[in-house]
Structure formats: structure tokens, C-alpha cells
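Q: Pasting a structure here, questions to come.
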Amino acid sequence: MAKTGLLIVSNPKHITKLLSDISKTVQNTLYIQLLSALSDPLGSFHANVFSAPPKFSRTIYSIYSQATQLCNNLDVRVLLSGLKSAVPQIKTLKPIDIVIFDKKYNQIEIDNFIKNKVPNIVLGHKILTVECCASEKIAPEPDNRDEGIYKHVCLGGTFDRLHTAHKLLLSDAILRASDKVTVGMTEENMIHSKILWELIQDIDTRIEKVNDFVTDVCPELTYDIMKISDPFGPAIVDPTMGMIMVSEETVRGGELINEIRRTKNLEELKIVAINFIEEPNPQPKEEHKVSSSNLRLRLLGTLIKPLKNKNIPNKPYVIGLTGGIASGKSGVATHLHNLGAAVIDCDKIAHRMYSRDGPSFQKVIDQFGNDIINFDGEIDRRMLGDKVFNKPVELKKLTDILWPEMAKEINRIIKILPNPIICVEAAVLCQAGWDQFCHEVWITLVPQRDAIQRLVTRNNLDEEQAKNRLESQPSNKEYVENANVIICPLWEVAYTKSQVEKAWGLLQHRLSK
Ligand SMILES: CC(=O)SCCNC(=O)CCNC(=O)[C@H](O)C(C)(C)COP(=O)(O)OP(=O)(O)OC[C@H]1O[C@@H](n2cnc3c(N)ncnc32)[C@H](O)[C@@H]1OP(=O)(O)O
């Protein structure tokens, strides 16, 4: 299979057939160059079949929405330079391994075209012709397209895991800009309300991906891709901006920007809204439009980080299950148990360590005093909890006593359990360094506000106490950094179970290798 393909489209109506065929031929990136149907032979390449950029908008919408349905595994990039003005050559950042035509040309035409128009092509490249008839259906065209071209166009967003709807938004902005496009990229303070925000790519990665795309599809424009920490960015102060691209659901944001511009005697921005691209195969909890949230949801249960080689025996296979307080670890452990894993509950091991006959009983009393002893001679865990939760120094004194004994006990149990897969459930597994004896780290993740709510109802704590408990633990972001697999038990039990089953199935697949 070729890594990077260049598809030369003489008639966009062929796209459906072309994309279905090409997804079997090209592996990573597919560039699409729209070629004028009137520009035969290929030698006179420049686009003139479409008269003005708004018409390209419809074609590009159609291509990206069909790409979503037919070859979502490919990074599809519709090249825009030739659509804005005649350009002598097709420039691409990645070298082309295969050129695909949608109609037959003779060998001399093809050779000349490749030689003159495609400078970034690999030696030994392939040529493919997919002959098409013109009757394929085209995706619905967006309505109310605006006709104007503006010197400086702006847009903003999070642009997590750049997908076809982002590409469409950026492409439309590029088509409508004569000089410059400014892209405002939301900083972390603006993303906390998003679903699974902890999985959003870091801002530098997001900027890099957007920059890579825009400079690839249209290197002629100037781009300013900047971080923004409020919903307006430079759009409320920059007098050179003339237009803002928004999505259907952020039109109100554009209007707010204009309200502020009016107060500063700045000209209002033309607001152009782009239609959503429909999600062809929405799964439970997913939106019906192409979205980054859907992509993040799809990560649940999958291996999000490669496994490290650890110097531990292959068998049994140990999953370290960790996650914040009240994040649903025990529920996930139960699902794993039902699937055949043995579960070691480290909270219970800790309790055993300082039970009256346990190895740490006296040390804990010596450290925290006789007043934590109950009427039955056992340590009162609630009292001990009050002494250590949200008091990092005190908690460390307790864990310094307990963890070494617990680690010994856990490793002893791992050795004697008959199950091929063992789950070690521990709230602060990685902080204790116990990920060292686990082959994988799985985490449970729920938003902080939900964990607080669970603690209030489940543990009978008031909100202040619940917050204190949470604060004595690592943040969700820290958990995510250590995770190989993430489960989000935020919704109904059946959905959590389906995530665990997915993760289990993928684990079996990994183990079979
Ligand atoms: C490396 C590990 O993760 S081992 C498992 C965690 N245990 C320890 O670190 C031992 C120290 N902790 C303890 O001895 C007890 O938790 C006490 C005495 C502080 C409190 O006892 P209890 O009130 O009975 O609470 P319990 O042991 O059920 O723990 C309550 C929650 O705090 C979590 N927790 C316990 N210790 C810690 C800790 N050191 N850091 C962060 N969270 C902790 C528990 O995992 C549990 O989470 P969950 O509600 O999501 O299941």
C-alpha cells in the first residue's frame, strides 16, 4: 500500500467511487487536487470549472463529508492553492507515492503532468486510473453561502485531534481570505467543561497539527495560530479582520464578538457559519456530527499509550487499576472479575495491615496515638482518615509505614493466585511505585464534580470534606499521564461494562500476540 496519494479529480461527482476505491490503495494521507474539467489536456492545469470560492466551499464540504463516510482512516487534504488562483505546480508537504486519475490519459500526458506539475514525487511512484461514470450522488450542499473574499479571516476553536469538520472550517476560512488567516486555539482554562477534557491533546500539539494542515493545503497565505484564554482572542481588537468563520453552534459567539467590536468602534465582522458534517456511524453517547468528543469517547477501553518493557515475569499478567477517589474503580474491578481476572483490593490489604493482628498495627498506633483505637481494640479508620486525608505530611507518615508491607503481601498473593490475569486495584498505584510490578496501568476517570457528588452520597461526607479527600489525591491529569487504558464510569453501568469488555477483548488480542 502507498503511504501518500495524490488524487487528480477532473469531476468532483466522481468522488464517491474514487474514495471507496482509494481507501484500499493509500494508507496514510490522500491529497486531492480538483482539476478543471475544461482544462484537458492535463498540461494546462489550473482550476476554472468553478467560478468563485463559495462554489468550491460546496465541493469541499461534499468531499470532506464523503471522506468521513468512505475513508475515515485516511488523512484527506483537499489542496486549495489552485482553487484560489492558478498555480504552476502542486505543492505538498509529504512526498507522493501514487498519483490517481479519475479518467484515462495517454502516457505522454501523464508523464508531462507528473514532470511539470508534481515536484514532490518519489522515485518509483505508481500511477493508477480509476475510471468513473458521472452518476454518483453528491452529499447535500450547505445553504446560505456567503460570497465575499476578505483580506483577513479569523476563526477559533480547540481543534483536538484534527478531523474532517476542522479541515472544512479551516479550508473555508482559507478560501475566503486573500492575505491572512488567524486561528485562535483555546488554552487549558477553556476546555474544562468538555467531555473527557483530560484527553484533549496539549495545545502545542494542536497548534502544530493545524499549522501543518493549513500550510500544506495553501502555503501562499499568512497564518497566525495563537493561544487564546478567553472566547474572543484578538477578534475584538484587530481592525484588519473582516470575517469570522464559525460552526452552526458557535454563531452566538460571533455575534458577541461583534457586540464588543461595536463598543470599540471597530467594523463588525462578517459571520459565516459552516454546516456540521454528519457522523456516519454514531456509537452510544456520541454526537451525531463529526466531533472531537466522539474521537475521545472512542479512546475509552483502547490502549492509549504503548506498554513499557518491564523486568517482570510474563505470567500472570498484572493490570494495575487505579483512579481518583470515588471514580468507580471497584465497579470496574467487579466487571474484570466477572470476565475472569482475580482482583486484589489494596484498600482491604491496607486494612488488614493495621488490624489488631496485622504487622503494622503497633507502628500506626506509635505514630498516630492511642486515641485512634476503638472500643473493640481495633484502629478506628474514620478517625485515622481524619488525621491523614488532606494532610499530605501525615498521610505520607502512614503510607511510609504501610506501603512496603503491603507491596510484599500483594506480590505474595500475585504468585499464588491461579488466574492468568490479575487486577491490582489501588487508588495511588503509581505514586507508590507499584506500576513497576504491573504490565499495564488502567485508570478510571470521572470529572471532579461527579466524584464529589458520589462522595457526598456514598460516604456521607459534606461537600467540603469530599473536596478535601479529592485534593489529597493526584489530579485527573496525573492519572491520565500514567494510563495505558482509560475507563470512564460516568454513565450507566451497562456503558461502563461495555468499555471494560472492549478493553478486555483488546487485552486478549495483545496477549495472543
Ligand atoms: C498504593 C495504594 O493505592 S494502596 C490503597 C490506598 N491505601 C493506602 O494508601 C493506605 C492508607 N490509607 C488507609 O489506611 C485508609 O484509607 C484510611 C485509614 C486513611 C481511611 O480509611 P477508610 O476511611 O476506611 O477509607 P478507605 O480505606 O475505604 O479509603 C477511602 C478512599 O480513599 C482512598 N485512599 C486510601 N488511601 C489513600 C491514599 N494514601 N491516597 C489517596 N487515596 C487513598 C481509597 O482508595 C478509597 O477510595 P475509593 O473510595 O475510591 O474506593
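Letters A, B, ... mark the chains of the C-alpha cells in the order given; residue numbers begin at 1 per chain; ligand numbers begin at 1, in order shown.
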Throw together the list of residues within 7 Å of ligand 1, counting only C-alpha atoms and all ligand atoms, and drop it here as number ranges by chain.
A: A: 324-330, 346-347, 350-351, 381-382, 384-385, 388-389, 395, 398-399, 402-403, 426-429, 431-432, 434, 472-473
Q: Any chance you can output those residues with C-alpha atoms as a short mmCIF file (atom, residue, chain, number, x, y, z; two decimals), in the first residue's frame?
A:
data_model
loop_
_atom_site.label_atom_id
_atom_site.label_comp_id
_atom_site.auth_asym_id
_atom_site.auth_seq_id
_atom_site.Cartn_x
_atom_site.Cartn_y
_atom_site.Cartn_z
CA GLY A 324 -9.22 9.03 41.88
CA ILE A 325 -11.38 8.51 44.92
CA ALA A 326 -14.99 7.60 44.02
CA SER A 327 -14.11 7.29 40.34
CA GLY A 328 -15.66 3.83 40.01
CA LYS A 329 -12.60 1.58 40.44
CA SER A 330 -14.47 -1.09 42.34
CA CYS A 346 -5.44 -2.85 48.13
CA ASP A 347 -7.73 -0.89 50.46
CA ALA A 350 -4.18 -1.87 54.00
CA HIS A 351 -6.96 -2.51 56.49
CA ARG A 381 -10.29 4.07 60.32
CA ARG A 382 -12.58 7.08 60.20
CA LEU A 384 -7.30 7.78 61.25
CA GLY A 385 -8.71 9.08 57.95
CA VAL A 388 -4.36 12.00 57.33
CA PHE A 389 -6.71 12.95 54.47
CA LEU A 395 -0.64 10.77 55.04
CA LEU A 398 1.03 6.49 57.29
CA THR A 399 1.87 5.26 53.81
CA LEU A 402 2.09 0.65 55.23
CA TRP A 403 3.21 0.52 51.62
CA ALA A 426 -5.07 0.67 44.23
CA ALA A 427 -6.00 4.35 44.47
CA VAL A 428 -2.46 5.66 44.23
CA LEU A 429 -0.77 2.76 42.48
CA GLN A 431 2.61 7.16 43.43
CA ALA A 432 3.53 4.04 45.42
CA TRP A 434 3.60 -0.30 42.18
CA SER A 472 -5.22 14.64 48.85
CA GLN A 473 -5.08 12.60 45.64
#
Q: Name all residues at most 12 Å from Asn309 in chain A (count only C-alpha atoms; drop same-chain ones fewer than 3 positions away) and give them as a list in words.
A: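 The residues satisfying every condition are Pro306, Ile312, Pro313, Asn314, Asp435, Gln436, Phe437, Cys438, His439 and Glu440 of chain A.
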Q: Go ahead and write the residues just picked, N, CA and C atoms, as a compact mmCIF listing (two decimals), in the first residue's frame.
A:
# COMPACT_ATOMS: atom_id res chain seq x y z
N PRO A 306 1.66 3.22 24.51
CA PRO A 306 2.35 1.93 24.35
C PRO A 306 2.86 1.41 25.69
N ILE A 312 9.60 -8.03 34.59
CA ILE A 312 8.75 -8.85 35.44
C ILE A 312 8.32 -10.09 34.65
N PRO A 313 7.97 -11.17 35.37
CA PRO A 313 7.57 -12.39 34.64
C PRO A 313 6.35 -12.13 33.76
N ASN A 314 6.24 -12.85 32.64
CA ASN A 314 5.09 -12.69 31.73
C ASN A 314 3.79 -13.16 32.37
N ASP A 435 3.27 0.44 39.89
CA ASP A 435 3.12 0.19 38.44
C ASP A 435 4.32 -0.64 37.96
N GLN A 436 5.40 -0.64 38.74
CA GLN A 436 6.58 -1.42 38.35
C GLN A 436 6.30 -2.92 38.31
N PHE A 437 5.37 -3.38 39.14
CA PHE A 437 5.07 -4.82 39.05
C PHE A 437 3.75 -5.10 38.33
N CYS A 438 3.26 -4.10 37.56
CA CYS A 438 2.06 -4.31 36.73
C CYS A 438 2.46 -4.20 35.26
N HIS A 439 1.90 -5.06 34.42
CA HIS A 439 2.21 -4.99 32.99
C HIS A 439 1.53 -3.78 32.34
N GLU A 440 0.34 -3.43 32.83
CA GLU A 440 -0.38 -2.29 32.26
C GLU A 440 -1.01 -1.51 33.40
Q: Counting only C-alpha atoms, which residue out of A:Lys310, A:Lys305, A:Arg77, A:Lys167 sits closest to Val485 in chain A?
A: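 Comparing A:Lys310, A:Lys305, A:Arg77, A:Lys167 against Val485 in chain A, the winner is A:Lys305.
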Q: Quick one: everything within 10 Å of Ala177 in chain A, counting only C-alpha atoms, minus sequence neighbours fewer than 3 positions away in the same chain. Send it as a list in words.
A: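 Using only C-alpha atoms, the neighbours found are Pro53, Lys84, Gly148, Ile149, Tyr150, Lys151, His152, Val153, Cys154, Ser171, Asp172, Ala173, Ile174, Lys180, Val181, Leu221, Thr222, Met241, Gly242 and Met243 of chain A.
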Q: Rank A:Val332, A:Leu6, A:Leu155, A:Leu74 by their smallest atom-to-atom distance to Val122 in chain A, using only C-alpha atoms, and report the top residue only.
A: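 Under the stated criterion, the closest residue is A:Leu6.
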